[in-house]
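Undergrad: Below is target.txt; it holds compact mmCIF, C-alpha atoms.
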```txt
# COMPACT_ATOMS: atom_id res chain seq x y z
CA MET A 1 121.85 52.08 72.33
CA ILE A 2 125.66 52.09 72.20
CA PRO A 3 125.96 49.80 69.11
CA VAL A 4 123.20 51.80 67.36
CA THR A 5 124.94 55.07 68.12
CA LEU A 6 128.33 53.79 66.93
CA ARG A 7 126.82 52.53 63.66
CA GLY A 8 125.15 55.89 63.15
CA TRP A 9 128.52 57.58 63.65
CA ALA A 10 130.17 55.67 60.77
CA PRO A 11 130.40 58.75 58.46
CA ARG A 12 131.74 60.77 61.38
CA PHE A 13 134.52 58.25 61.94
CA LEU A 14 135.57 58.80 58.32
CA LEU A 15 135.59 62.55 58.87
CA LEU A 16 137.62 62.09 62.05
CA ALA A 17 140.12 59.93 60.13
CA VAL A 18 140.70 62.87 57.77
CA VAL A 19 141.20 65.17 60.78
CA VAL A 20 143.69 62.73 62.32
CA TRP A 21 145.73 62.54 59.12
CA MET A 22 145.80 66.33 58.72
CA LEU A 23 146.91 66.81 62.33
CA PHE A 24 149.60 64.16 61.90
CA LEU A 25 150.95 66.10 58.92
CA LEU A 26 150.79 69.39 60.85
CA GLU A 27 152.36 68.17 64.12
CA PRO A 28 155.89 69.70 64.25
CA GLY A 29 157.22 66.98 66.56
CA PHE A 30 156.55 64.32 63.91
CA HIS A 31 158.66 66.31 61.47
CA LYS A 32 161.27 67.51 63.92
CA HIS A 33 164.09 67.82 61.40
CA GLU A 34 162.14 70.37 59.38
CA ALA A 35 160.90 72.15 62.52
CA ALA A 36 164.38 72.25 64.06
CA ALA A 37 165.86 73.58 60.83
CA ALA A 38 163.24 76.31 60.71
CA GLY A 39 164.00 77.20 64.33
CA ASP A 40 160.34 77.95 65.07
CA LEU A 41 160.02 75.84 68.23
CA PRO A 42 162.21 75.04 71.25
CA LEU A 43 163.58 71.50 71.23
CA GLU A 44 161.51 70.47 74.26
CA GLU A 45 158.34 71.17 72.27
CA LEU A 46 159.44 68.70 69.61
CA GLY A 47 159.43 65.76 72.03
CA PRO A 48 156.63 63.48 73.25
CA LEU A 49 155.10 66.09 75.56
CA GLY A 50 155.10 68.64 72.77
CA ILE A 51 152.53 66.47 70.97
CA SER A 52 149.99 67.29 73.71
CA ALA A 53 148.89 70.49 71.93
CA THR A 54 147.88 68.50 68.85
CA LEU A 55 146.20 65.91 71.07
CA SER A 56 144.18 68.76 72.53
CA TYR A 57 143.07 69.91 69.07
CA LEU A 58 142.18 66.35 68.12
CA ALA A 59 140.07 65.71 71.22
CA GLY A 60 138.22 69.02 70.85
CA LEU A 61 137.45 68.46 67.18
CA ALA A 62 136.37 64.87 67.91
CA MET A 63 133.83 66.10 70.46
CA ILE A 64 132.45 68.60 67.94
CA VAL A 65 132.23 65.94 65.22
CA PHE A 66 130.49 63.30 67.34
CA LEU A 67 128.18 65.63 69.27
CA ALA A 68 127.05 67.72 66.30
CA GLY A 69 123.26 67.96 66.61
CA PHE A 70 123.11 65.26 69.27
CA VAL A 71 120.25 67.05 71.05
CA SER A 72 119.04 69.62 68.52
CA THR A 73 118.60 67.17 65.63
CA ASP A 74 116.53 64.80 67.80
CA ARG A 75 114.21 67.63 68.79
CA ARG A 76 113.92 69.09 65.30
CA ARG A 77 113.19 65.77 63.58
CA GLY A 78 111.06 64.27 66.32
CA TYR A 79 113.49 61.50 67.22
CA ALA A 80 113.48 62.55 70.87
CA GLN A 81 109.82 61.61 71.32
CA LEU A 82 110.55 58.19 69.81
CA TYR A 83 113.59 57.54 71.99
CA LEU A 84 111.89 58.83 75.12
CA SER A 85 108.67 56.88 74.54
CA HIS A 86 110.44 54.15 76.51
CA PRO A 87 110.99 54.79 80.23
CA THR A 88 114.22 56.71 79.60
CA ARG A 89 115.26 60.00 81.13
CA PRO A 90 116.54 62.64 78.67
CA LEU A 91 119.62 63.19 80.83
CA ALA A 92 120.42 59.48 80.75
CA LEU A 93 120.01 59.27 76.99
CA TYR A 94 122.09 62.31 76.11
CA GLY A 95 124.51 61.74 78.97
CA LEU A 96 125.27 58.31 77.51
CA ARG A 97 125.94 59.81 74.08
CA TRP A 98 128.16 62.47 75.61
CA ALA A 99 130.14 59.87 77.58
CA LEU A 100 130.50 57.70 74.47
CA ALA A 101 131.82 60.66 72.46
CA ALA A 102 134.27 61.46 75.27
CA ALA A 103 135.49 57.85 75.37
CA VAL A 104 136.01 57.82 71.60
CA ALA A 105 137.80 61.20 71.65
CA LEU A 106 140.18 60.09 74.39
CA GLY A 107 140.72 56.70 72.80
CA VAL A 108 141.64 58.29 69.48
CA SER A 109 143.97 60.68 71.32
CA VAL A 110 145.79 57.75 72.95
CA LEU A 111 146.13 56.00 69.58
CA PHE A 112 147.44 59.20 68.01
CA LEU A 113 150.01 59.59 70.78
CA VAL A 114 151.28 56.00 70.48
CA LEU A 115 150.92 55.20 66.77
CA GLY A 116 151.96 58.68 65.69
CA GLN A 117 155.29 58.29 67.47
CA ILE A 118 155.81 54.83 66.06
CA LEU A 119 155.10 56.02 62.51
CA ALA A 120 157.18 59.19 62.82
CA TRP A 121 160.01 58.08 65.09
CA GLY A 122 159.99 54.31 64.82
CA ALA A 123 159.38 53.86 68.58
CA PHE A 124 157.10 55.02 71.36
CA ARG A 125 158.91 57.47 73.65
CA GLY A 126 156.23 58.26 76.23
CA GLY A 127 154.35 61.47 76.86
CA TRP A 128 151.44 60.09 78.88
CA ALA A 129 151.30 63.26 81.00
CA GLY A 130 150.38 65.14 77.84
CA LEU A 131 146.97 63.43 77.87
CA LEU A 132 145.95 66.06 80.41
CA LEU A 133 145.32 68.51 77.56
CA PRO A 134 142.94 66.27 75.57
CA VAL A 135 141.06 65.49 78.80
CA LEU A 136 140.60 69.22 79.30
CA SER A 137 139.51 69.66 75.68
CA VAL A 138 136.92 66.92 76.08
CA LEU A 139 135.46 68.87 78.99
CA VAL A 140 135.65 72.22 77.21
CA TYR A 141 134.29 71.33 73.79
CA GLY A 142 132.04 68.61 75.16
CA GLY A 143 130.59 71.18 77.53
CA LEU A 144 130.14 73.75 74.77
CA MET A 145 128.48 71.20 72.49
CA ALA A 146 126.15 70.06 75.27
CA PHE A 147 125.02 73.64 75.85
CA LEU A 148 124.84 74.69 72.20
CA SER A 149 122.98 71.58 71.06
CA ALA A 150 120.47 71.93 73.89
CA ALA A 151 120.02 75.68 73.37
CA LEU A 152 120.00 76.01 69.56
CA PRO A 153 117.59 74.42 67.07
CA ARG A 154 120.42 73.87 64.56
CA GLY A 155 123.99 74.91 63.75
CA ASP A 156 125.54 73.96 67.10
CA ALA A 157 128.64 72.41 65.50
CA TRP A 158 129.25 75.48 63.32
CA VAL A 159 129.10 77.76 66.36
CA ALA A 160 131.50 75.47 68.23
CA LEU A 161 133.88 75.46 65.24
CA ALA A 162 133.75 79.26 65.17
CA LEU A 163 134.71 79.28 68.86
CA PHE A 164 137.50 76.78 68.08
CA LEU A 165 138.89 78.92 65.24
CA PRO A 166 141.04 81.28 67.39
CA THR A 167 142.93 78.19 68.59
CA PHE A 168 144.56 77.95 65.15
CA PHE A 169 144.25 81.61 64.13
CA PRO A 170 144.68 83.91 67.17
CA GLN A 171 144.67 86.91 64.83
CA ALA A 172 140.99 86.20 64.15
CA LEU A 173 140.24 87.78 67.54
CA PHE A 174 141.63 91.09 66.29
CA PHE A 175 139.28 91.12 63.31
CA LEU A 176 136.36 90.11 65.51
CA GLU A 177 137.16 92.89 67.98
CA THR A 178 137.08 95.48 65.21
CA GLY A 179 133.88 94.04 63.73
CA LEU A 180 131.82 93.67 66.89
CA ASN A 181 130.44 96.22 69.31
CA PRO A 182 132.04 96.17 72.80
CA ALA A 183 129.17 94.24 74.39
CA GLY A 184 129.25 91.62 71.65
CA TYR A 185 133.02 91.25 71.92
CA ARG A 186 132.84 90.78 75.71
CA LEU A 187 130.20 88.10 75.19
CA LEU A 188 132.45 86.41 72.65
CA LEU A 189 135.39 86.38 75.06
CA PHE A 190 133.13 84.83 77.69
CA LEU A 191 132.13 82.09 75.27
CA LEU A 192 135.61 81.43 73.90
CA PRO A 193 137.70 78.71 75.56
CA PRO A 194 140.42 80.25 77.75
CA GLN A 195 143.42 79.92 75.45
CA TRP A 196 145.75 81.67 77.91
CA ALA A 197 145.05 78.94 80.48
CA TYR A 198 145.53 76.21 77.86
CA GLN A 199 148.89 77.73 76.99
CA GLU A 200 150.01 77.79 80.61
CA VAL A 201 149.04 74.14 81.05
CA TYR A 202 150.95 73.24 77.89
CA GLN A 203 154.06 75.16 78.94
CA GLY A 204 153.90 73.52 82.36
CA LEU A 205 153.85 70.09 80.72
CA VAL A 206 156.83 70.66 78.44
CA THR A 207 158.89 72.29 81.19
CA GLY A 208 158.00 69.73 83.86
CA SER A 209 156.22 72.25 86.12
CA PRO A 210 152.51 71.33 86.12
CA ALA A 211 150.22 74.38 86.08
CA TRP A 212 147.36 73.04 88.17
CA ALA A 213 145.55 76.34 88.73
CA PRO A 214 145.13 77.06 84.97
CA ALA A 215 144.16 73.41 84.43
CA ALA A 216 141.45 73.75 87.08
CA TYR A 217 140.27 76.96 85.41
CA VAL A 218 139.95 75.24 82.03
CA ALA A 219 138.14 72.28 83.60
CA GLY A 220 135.78 74.66 85.42
CA TYR A 221 135.00 76.43 82.15
CA GLY A 222 134.04 73.15 80.51
CA LEU A 223 132.04 71.92 83.49
CA PHE A 224 130.13 75.22 83.60
CA TRP A 225 128.82 74.79 80.04
CA LEU A 226 128.27 71.08 80.54
CA GLY A 227 126.18 71.75 83.64
CA LEU A 228 124.21 74.46 81.86
CA GLY A 229 123.52 72.12 78.96
CA ALA A 230 122.40 69.38 81.35
CA LEU A 231 120.08 71.86 83.06
CA LEU A 232 118.49 72.80 79.72
CA VAL A 233 117.95 69.14 78.85
CA ARG A 234 116.39 68.50 82.25
CA VAL A 235 113.93 71.42 82.29
CA ARG A 236 112.93 71.28 78.63
CA GLU A 237 109.52 69.91 77.64
CA TRP A 238 110.01 66.68 75.68
CA ALA A 239 106.44 65.55 75.14
```
Let me see the structure of the file written as structure tokens.

TA:
Amino acid sequence: MIPVTLRGWAPRFLLLAVVVWMLFLLEPGFHKHEAAAAGDLPLEELGPLGISATLSYLAGLAMIVFLAGFVSTDRRRGYAQLYLSHPTRPLALYGLRWALAAAVALGVSVLFLVLGQILAWGAFRGGWAGLLLPVLSVLVYGGLMAFLSAALPRGDAWVALALFLPTFFPQALFFLETGLNPAGYRLLLFLLPPQWAYQEVYQGLVTGSPAWAPAAYVAGYGLFWLGLGALLVRVREWA
């Protein structure tokens, strides 16, 4: 199943390669002379630990790319009945795919951390602690994708990307608040990843003061949606 899944993901690897290149170009730490001249970021955010924010974006987007339709497409096209005609539990099948996507996302994050520094700075200068953020993003966006793909017949990746959007454009929340009724906006805030907690974890990393309580909150958010998605897969009728 793993080789078959990886071969089926070939076009997604190409898409992820484009994402990696774009994030490399956007990472301020890899262009520290320009960033320092602009004065937009403190110097500590231009070092190895400052890269952790981009690693977080990369891991989250990787989970969305590789888990797009991983449950919903099987159900819609009838693949699930074919796969599960063998003595295989749905949770085992989709849990394996989820774990494989997580392994790929974290592996790509490690490569980005190491090779990105070598390409930009000519040497690897560390920053392993910054991998905490991509681990959290794997839980958050992996959990959201597990729930959305199990709950929706299609469009799970687009919904997840919409929830990811405020990460890059915080001002989008203002427009959403003015365009939604109060109940809808509260529901949106419940669905959105907790950016305030992400920011506290990031600041703790770059200042050397780990923020474990916000990290636990982010992890709990991801595990909540992951557990809910697993529950939907388990109780759903697959015959």

Undergrad: I want to know what sits within 12 Å of A:Ala160, based on only C-alpha atoms, with residues of the same chain fewer than 5 positions away left out; could you give that as a list in words?

TA: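 Skipping anything fewer than 5 positions along the chain leaves Gly60, Leu61, Ala62, Met63, Ile64, Val65, Leu67, Ala68, Gly69, Val140, Tyr141, Gly142, Gly143, Leu144, Met145, Ala146, Phe147, Leu148, Ser149, Leu152, Arg154, Gly155, Leu165, Pro166, Thr167, Leu188, Leu191, Leu192 and Pro193 of chain A.
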
Undergrad: Edge lengths and centre in Å to one decimal, as lines of an AutoDock Vina configuration file, is what I'm after for the box along x, y and z that holds all listed atoms of stretch 202-217 of chain A once 3 Å is added on each side.

TA:
```
center_x = 149.6
center_y = 73.4
center_z = 83.3
size_x = 24.6
size_y = 13.3
size_z = 16.8
```

Undergrad: Atom CA of A:Ile51 to atom CA of A:Trp158: how many Å, to one decimal?

TA: 26.1 Å

Undergrad: Just checking: using all atoms listed in the file, which residue out of A:Gly8, A:Gly222, A:Gly47, A:Pro194 ends up closest to A:Arg125?

TA: A:Gly47

Undergrad: Could you tell me which of A:Leu228, A:Arg12, A:Ala105, A:Leu132 comes closest to A:Ala211 if we count all atoms listed in the file?

TA: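 Counting all atoms listed in the file, the residue closest to A:Ala211 is A:Leu132.
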
Undergrad: From the options A:Ser72, A:Thr5, A:Ser56, A:Gln195, which residue's atoms come nearest to A:Phe169, counting all atoms listed in the file?

TA: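 Closest to A:Phe169, using all atoms listed in the file: A:Gln195.
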
Undergrad: Can you tell me, as a count of residues only, what residues are no more than 12 Å from stretch 203-208 of chain A when counting all atoms listed in the file, ignoring any on the same chain fewer than 3 positions away?

TA: 30

Undergrad: For atom CA of A:Leu93 and atom CA of A:Phe66, quote the distance in Å rounded to one decimal.

TA: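 Between these atoms lies a distance of 14.8 Å.
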
Undergrad: If you measure from atom CA of A:Phe168 to atom CA of A:Ala103, what distance in Å do you get, rounded to one decimal?

TA: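 One can read the atom CA of A:Phe168 to atom CA of A:Ala103 distance as 24.3 Å.
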
Undergrad: Counting only C-alpha atoms, which residues have an atom no more than 8 Å from (140.2, 70.6, 80.9) in the file's coordinates? Please list them as a compact mmCIF listing (two decimals) with C-alpha atoms, in the coordinates of the input.

TA:
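Everything below was put into result23.txt:
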```
# COMPACT_ATOMS: atom_id res chain seq x y z
CA LEU A 132 145.95 66.06 80.41
CA LEU A 133 145.32 68.51 77.56
CA PRO A 134 142.94 66.27 75.57
CA VAL A 135 141.06 65.49 78.80
CA LEU A 136 140.60 69.22 79.30
CA SER A 137 139.51 69.66 75.68
CA VAL A 138 136.92 66.92 76.08
CA LEU A 139 135.46 68.87 78.99
CA VAL A 140 135.65 72.22 77.21
CA ALA A 215 144.16 73.41 84.43
CA ALA A 216 141.45 73.75 87.08
CA TYR A 217 140.27 76.96 85.41
CA VAL A 218 139.95 75.24 82.03
CA ALA A 219 138.14 72.28 83.60
CA GLY A 220 135.78 74.66 85.42
CA TYR A 221 135.00 76.43 82.15
CA GLY A 222 134.04 73.15 80.51
```
